[in-house]
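Take a look at the structure set out below.
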Amino acid sequence: MQQSLDRDLLIVLHDVARMLRTRFDQKARASHAMTRAQWVILSRLDRQPGMSQNEMAAICEVEPITVGRLVDRLEARGLVERRNDPSDRRIRRLHLLPAAKPILEAITLERESMNERITEGLDQKTRDIVIDALLTMKENLTNEATTGDQFVQAGE
């Protein structure tokens with residue numbers, strides 16, 4: 001039974017994701033005295049400027065109040081600012097400030113380095129197969145979420 005669990009896709013996938021989160025937490029703390037969650041917010045805003053805190057909370061899979069506290073800290077460091085939504089005064093949109101650029105560059109370098117470390121020994125064809133398989137799994141879960149099952153769509 002133990003051997004079958006060692007090769008169980010869900011267990012291995014969960015273990016790899018947990019280990020990646022742990023490594024990124026360590027890197028964020030060590031290099032910029034930040035959290036992985038703050039890195040995620042900066043990275044998402046770099047790709048999708050102007051998100052609301054509620055939208056960010058859904059992507060990060062946390063409560064809006066948690067994102068609010070994380071953004072408070074990023075705002076205090078001069079990395080993010082909240083701007084009023086032009087069409088709905090109840091919504092505040094999140095935007096990066098120029099001071100975030102060097103941290104985003106560090107995040108990119110760390111992501112690229114981590115990608116190289118975790119795929120060491122895999123040729124490009126195998127890497128492509130793994131990525132395609134994971135994207136298919138993500139799509140399957142996303143489709144399942146939209147058909148009314150109890151799963152919540154994560155990521156994008």
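Residue numbers start at 1 in each chain; chains themselves are named A, B, ... in the order of the structure tokens; ligands are numbered from 1 in the order shown.
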Give the alpha helix (DSSP H) residues of segment 35-113 of chain A, as assigned by DSSP on the backbone, as a ChimeraX atom specification. /A:36-47,53-60,64-76,101-113
Name all residues at most 12 Å from Ile118 of chain A (count only C-alpha atoms; drop same-chain ones fewer than 2 positions away) and give them as an MDAnalysis selection string. chainID A and resid 16:17 19:20 23 111:116 120:122 127 130
Go ahead and write the selection's residues with N, CA and C atoms as a compact mmCIF listing (two decimals), in the first residue's frame.
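The new file selection_29.txt reads:
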# COMPACT_ATOMS: atom_id res chain seq x y z
N VAL A 16 4.53 18.31 -3.81
CA VAL A 16 5.35 19.23 -4.61
C VAL A 16 4.86 20.67 -4.42
N ALA A 17 3.55 20.89 -4.47
CA ALA A 17 3.00 22.24 -4.29
C ALA A 17 3.34 22.79 -2.91
N MET A 19 5.89 21.93 -0.99
CA MET A 19 7.32 22.20 -0.94
C MET A 19 7.66 23.50 -1.68
N LEU A 20 7.01 23.73 -2.82
CA LEU A 20 7.24 24.98 -3.55
C LEU A 20 6.81 26.19 -2.73
N ARG A 23 9.41 26.83 -0.04
CA ARG A 23 10.64 27.42 -0.58
C ARG A 23 10.43 28.90 -0.91
N ARG A 111 11.69 32.69 -9.58
CA ARG A 111 10.79 31.76 -10.25
C ARG A 111 11.53 30.98 -11.33
N GLU A 112 12.35 31.66 -12.12
CA GLU A 112 13.11 30.99 -13.17
C GLU A 112 14.11 30.00 -12.57
N SER A 113 14.78 30.40 -11.50
CA SER A 113 15.74 29.53 -10.82
C SER A 113 15.05 28.29 -10.26
N MET A 114 13.91 28.51 -9.61
CA MET A 114 13.15 27.39 -9.04
C MET A 114 12.69 26.45 -10.15
N ASN A 115 12.24 27.01 -11.26
CA ASN A 115 11.80 26.20 -12.39
C ASN A 115 12.94 25.32 -12.89
N GLU A 116 14.13 25.87 -12.97
CA GLU A 116 15.28 25.09 -13.41
C GLU A 116 15.61 23.99 -12.41
N GLU A 120 15.25 19.89 -13.23
CA GLU A 120 16.59 19.37 -13.55
C GLU A 120 16.50 17.89 -13.87
N GLY A 121 17.16 17.50 -14.96
CA GLY A 121 17.15 16.10 -15.38
C GLY A 121 16.00 15.76 -16.32
N LEU A 122 15.10 16.70 -16.55
CA LEU A 122 14.00 16.47 -17.48
C LEU A 122 14.31 17.18 -18.80
N ARG A 127 9.31 18.17 -20.07
CA ARG A 127 8.80 19.39 -19.44
C ARG A 127 7.49 19.82 -20.09
N VAL A 130 4.65 17.51 -19.09
CA VAL A 130 4.20 17.79 -17.72
C VAL A 130 3.33 19.05 -17.69
Would you mind listing what lies within 12 Å of Leu104 of chain A as a ChimeraX atom specification, with only C-alpha atoms counted and same-chain residues fewer than 6 positions away left out? /A:28,32,38-47,79,96-98,110-111
Those selected residues, please, written with N, CA and C atoms and delivered as a compact mmCIF listing (two decimals), in the first residue's frame.
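Saved the output as selection-v1.txt:
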# COMPACT_ATOMS: atom_id res chain seq x y z
N ALA A 28 11.15 34.70 -0.02
CA ALA A 28 10.53 36.03 0.15
C ALA A 28 10.97 36.66 1.46
N HIS A 32 13.60 39.83 0.90
CA HIS A 32 12.91 41.12 0.94
C HIS A 32 12.07 41.33 2.20
N GLN A 38 2.54 38.20 -0.27
CA GLN A 38 2.81 39.54 -0.79
C GLN A 38 3.45 39.45 -2.18
N TRP A 39 4.34 38.48 -2.37
CA TRP A 39 4.92 38.27 -3.70
C TRP A 39 3.84 37.93 -4.71
N VAL A 40 2.88 37.10 -4.31
CA VAL A 40 1.79 36.73 -5.21
C VAL A 40 1.00 37.98 -5.61
N ILE A 41 0.70 38.82 -4.65
CA ILE A 41 -0.05 40.04 -4.95
C ILE A 41 0.72 40.92 -5.93
N LEU A 42 2.00 41.12 -5.69
CA LEU A 42 2.80 41.94 -6.60
C LEU A 42 2.84 41.33 -8.00
N SER A 43 3.04 40.02 -8.07
CA SER A 43 3.10 39.35 -9.38
C SER A 43 1.78 39.43 -10.13
N ARG A 44 0.68 39.24 -9.41
CA ARG A 44 -0.64 39.31 -10.05
C ARG A 44 -0.93 40.73 -10.54
N LEU A 45 -0.56 41.72 -9.75
CA LEU A 45 -0.81 43.10 -10.17
C LEU A 45 0.07 43.49 -11.35
N ASP A 46 1.23 42.88 -11.44
CA ASP A 46 2.09 43.13 -12.60
C ASP A 46 1.42 42.62 -13.86
N ARG A 47 0.75 41.48 -13.76
CA ARG A 47 0.07 40.88 -14.92
C ARG A 47 -1.32 41.46 -15.13
N LEU A 79 4.99 50.19 -2.35
CA LEU A 79 5.01 49.27 -3.49
C LEU A 79 3.69 49.21 -4.24
N LEU A 96 0.47 48.85 -8.93
CA LEU A 96 1.87 48.84 -8.51
C LEU A 96 2.47 50.23 -8.62
N LEU A 97 3.42 50.51 -7.77
CA LEU A 97 4.20 51.74 -7.84
C LEU A 97 5.59 51.39 -8.37
N PRO A 98 6.33 52.36 -8.88
CA PRO A 98 7.66 52.07 -9.46
C PRO A 98 8.61 51.33 -8.52
N GLU A 110 13.86 34.42 -9.18
CA GLU A 110 13.66 33.29 -8.27
C GLU A 110 12.75 32.24 -8.90
N ARG A 111 11.69 32.69 -9.58
CA ARG A 111 10.79 31.76 -10.25
C ARG A 111 11.53 30.98 -11.33
Using DSSP on the backbone coordinates, identify all residues within segment 5-139 of chain A classified as strand (DSSP E or B); present the result as an MDAnalysis selection string. chainID A and resid 52 80:84 92:96
The selected residues should be written to file as a PDB file, in the first residue's frame (atoms: N, CA and C atoms).
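Output contents, as saved in again_30.pdb:
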ATOM      1  N   SER A  52      -9.369  44.577  -7.994  1.00  0.00           N
ATOM      2  CA  SER A  52      -9.908  44.974  -6.693  1.00  0.00           C
ATOM      3  C   SER A  52      -9.386  44.011  -5.632  1.00  0.00           C
ATOM      4  N   VAL A  80       2.600  49.511  -3.534  1.00  0.00           N
ATOM      5  CA  VAL A  80       1.248  49.394  -4.092  1.00  0.00           C
ATOM      6  C   VAL A  80       0.453  50.608  -3.641  1.00  0.00           C
ATOM      7  N   GLU A  81      -0.493  51.001  -4.484  1.00  0.00           N
ATOM      8  CA  GLU A  81      -1.437  52.034  -4.057  1.00  0.00           C
ATOM      9  C   GLU A  81      -2.845  51.620  -4.443  1.00  0.00           C
ATOM     10  N   ARG A  82      -3.789  52.109  -3.649  1.00  0.00           N
ATOM     11  CA  ARG A  82      -5.211  51.892  -3.928  1.00  0.00           C
ATOM     12  C   ARG A  82      -5.735  53.141  -4.621  1.00  0.00           C
ATOM     13  N   ARG A  83      -6.503  52.917  -5.697  1.00  0.00           N
ATOM     14  CA  ARG A  83      -7.122  54.035  -6.418  1.00  0.00           C
ATOM     15  C   ARG A  83      -8.622  53.766  -6.504  1.00  0.00           C
ATOM     16  N   ASN A  84      -9.397  54.833  -6.428  1.00  0.00           N
ATOM     17  CA  ASN A  84     -10.847  54.687  -6.557  1.00  0.00           C
ATOM     18  C   ASN A  84     -11.205  54.214  -7.953  1.00  0.00           C
ATOM     19  N   ARG A  92     -12.006  49.934  -4.636  1.00  0.00           N
ATOM     20  CA  ARG A  92     -10.670  50.523  -4.749  1.00  0.00           C
ATOM     21  C   ARG A  92      -9.809  49.544  -5.532  1.00  0.00           C
ATOM     22  N   ARG A  93      -9.191  50.054  -6.561  1.00  0.00           N
ATOM     23  CA  ARG A  93      -8.350  49.247  -7.448  1.00  0.00           C
ATOM     24  C   ARG A  93      -6.897  49.302  -6.984  1.00  0.00           C
ATOM     25  N   LEU A  94      -6.205  48.176  -7.150  1.00  0.00           N
ATOM     26  CA  LEU A  94      -4.820  48.060  -6.712  1.00  0.00           C
ATOM     27  C   LEU A  94      -3.875  48.262  -7.892  1.00  0.00           C
ATOM     28  N   HIS A  95      -2.851  49.080  -7.652  1.00  0.00           N
ATOM     29  CA  HIS A  95      -1.874  49.375  -8.700  1.00  0.00           C
ATOM     30  C   HIS A  95      -0.469  49.354  -8.120  1.00  0.00           C
ATOM     31  N   LEU A  96       0.475  48.855  -8.926  1.00  0.00           N
ATOM     32  CA  LEU A  96       1.866  48.840  -8.514  1.00  0.00           C
ATOM     33  C   LEU A  96       2.466  50.233  -8.624  1.00  0.00           C
TER      34      LEU A  96
END
What is the atom CA of Thr126 of chain A to atom CA of Phe24 of chain A distance in Å?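 Value for the atom CA of Thr126 of chain A-atom CA of Phe24 of chain A distance: 24.0 Å.
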Atom CA of Thr136 of chain A to atom CA of Cys60 of chain A: how many Å, to one decimal?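 So the two atoms, atom CA of Thr136 of chain A and atom CA of Cys60 of chain A, lie 20.9 Å apart.
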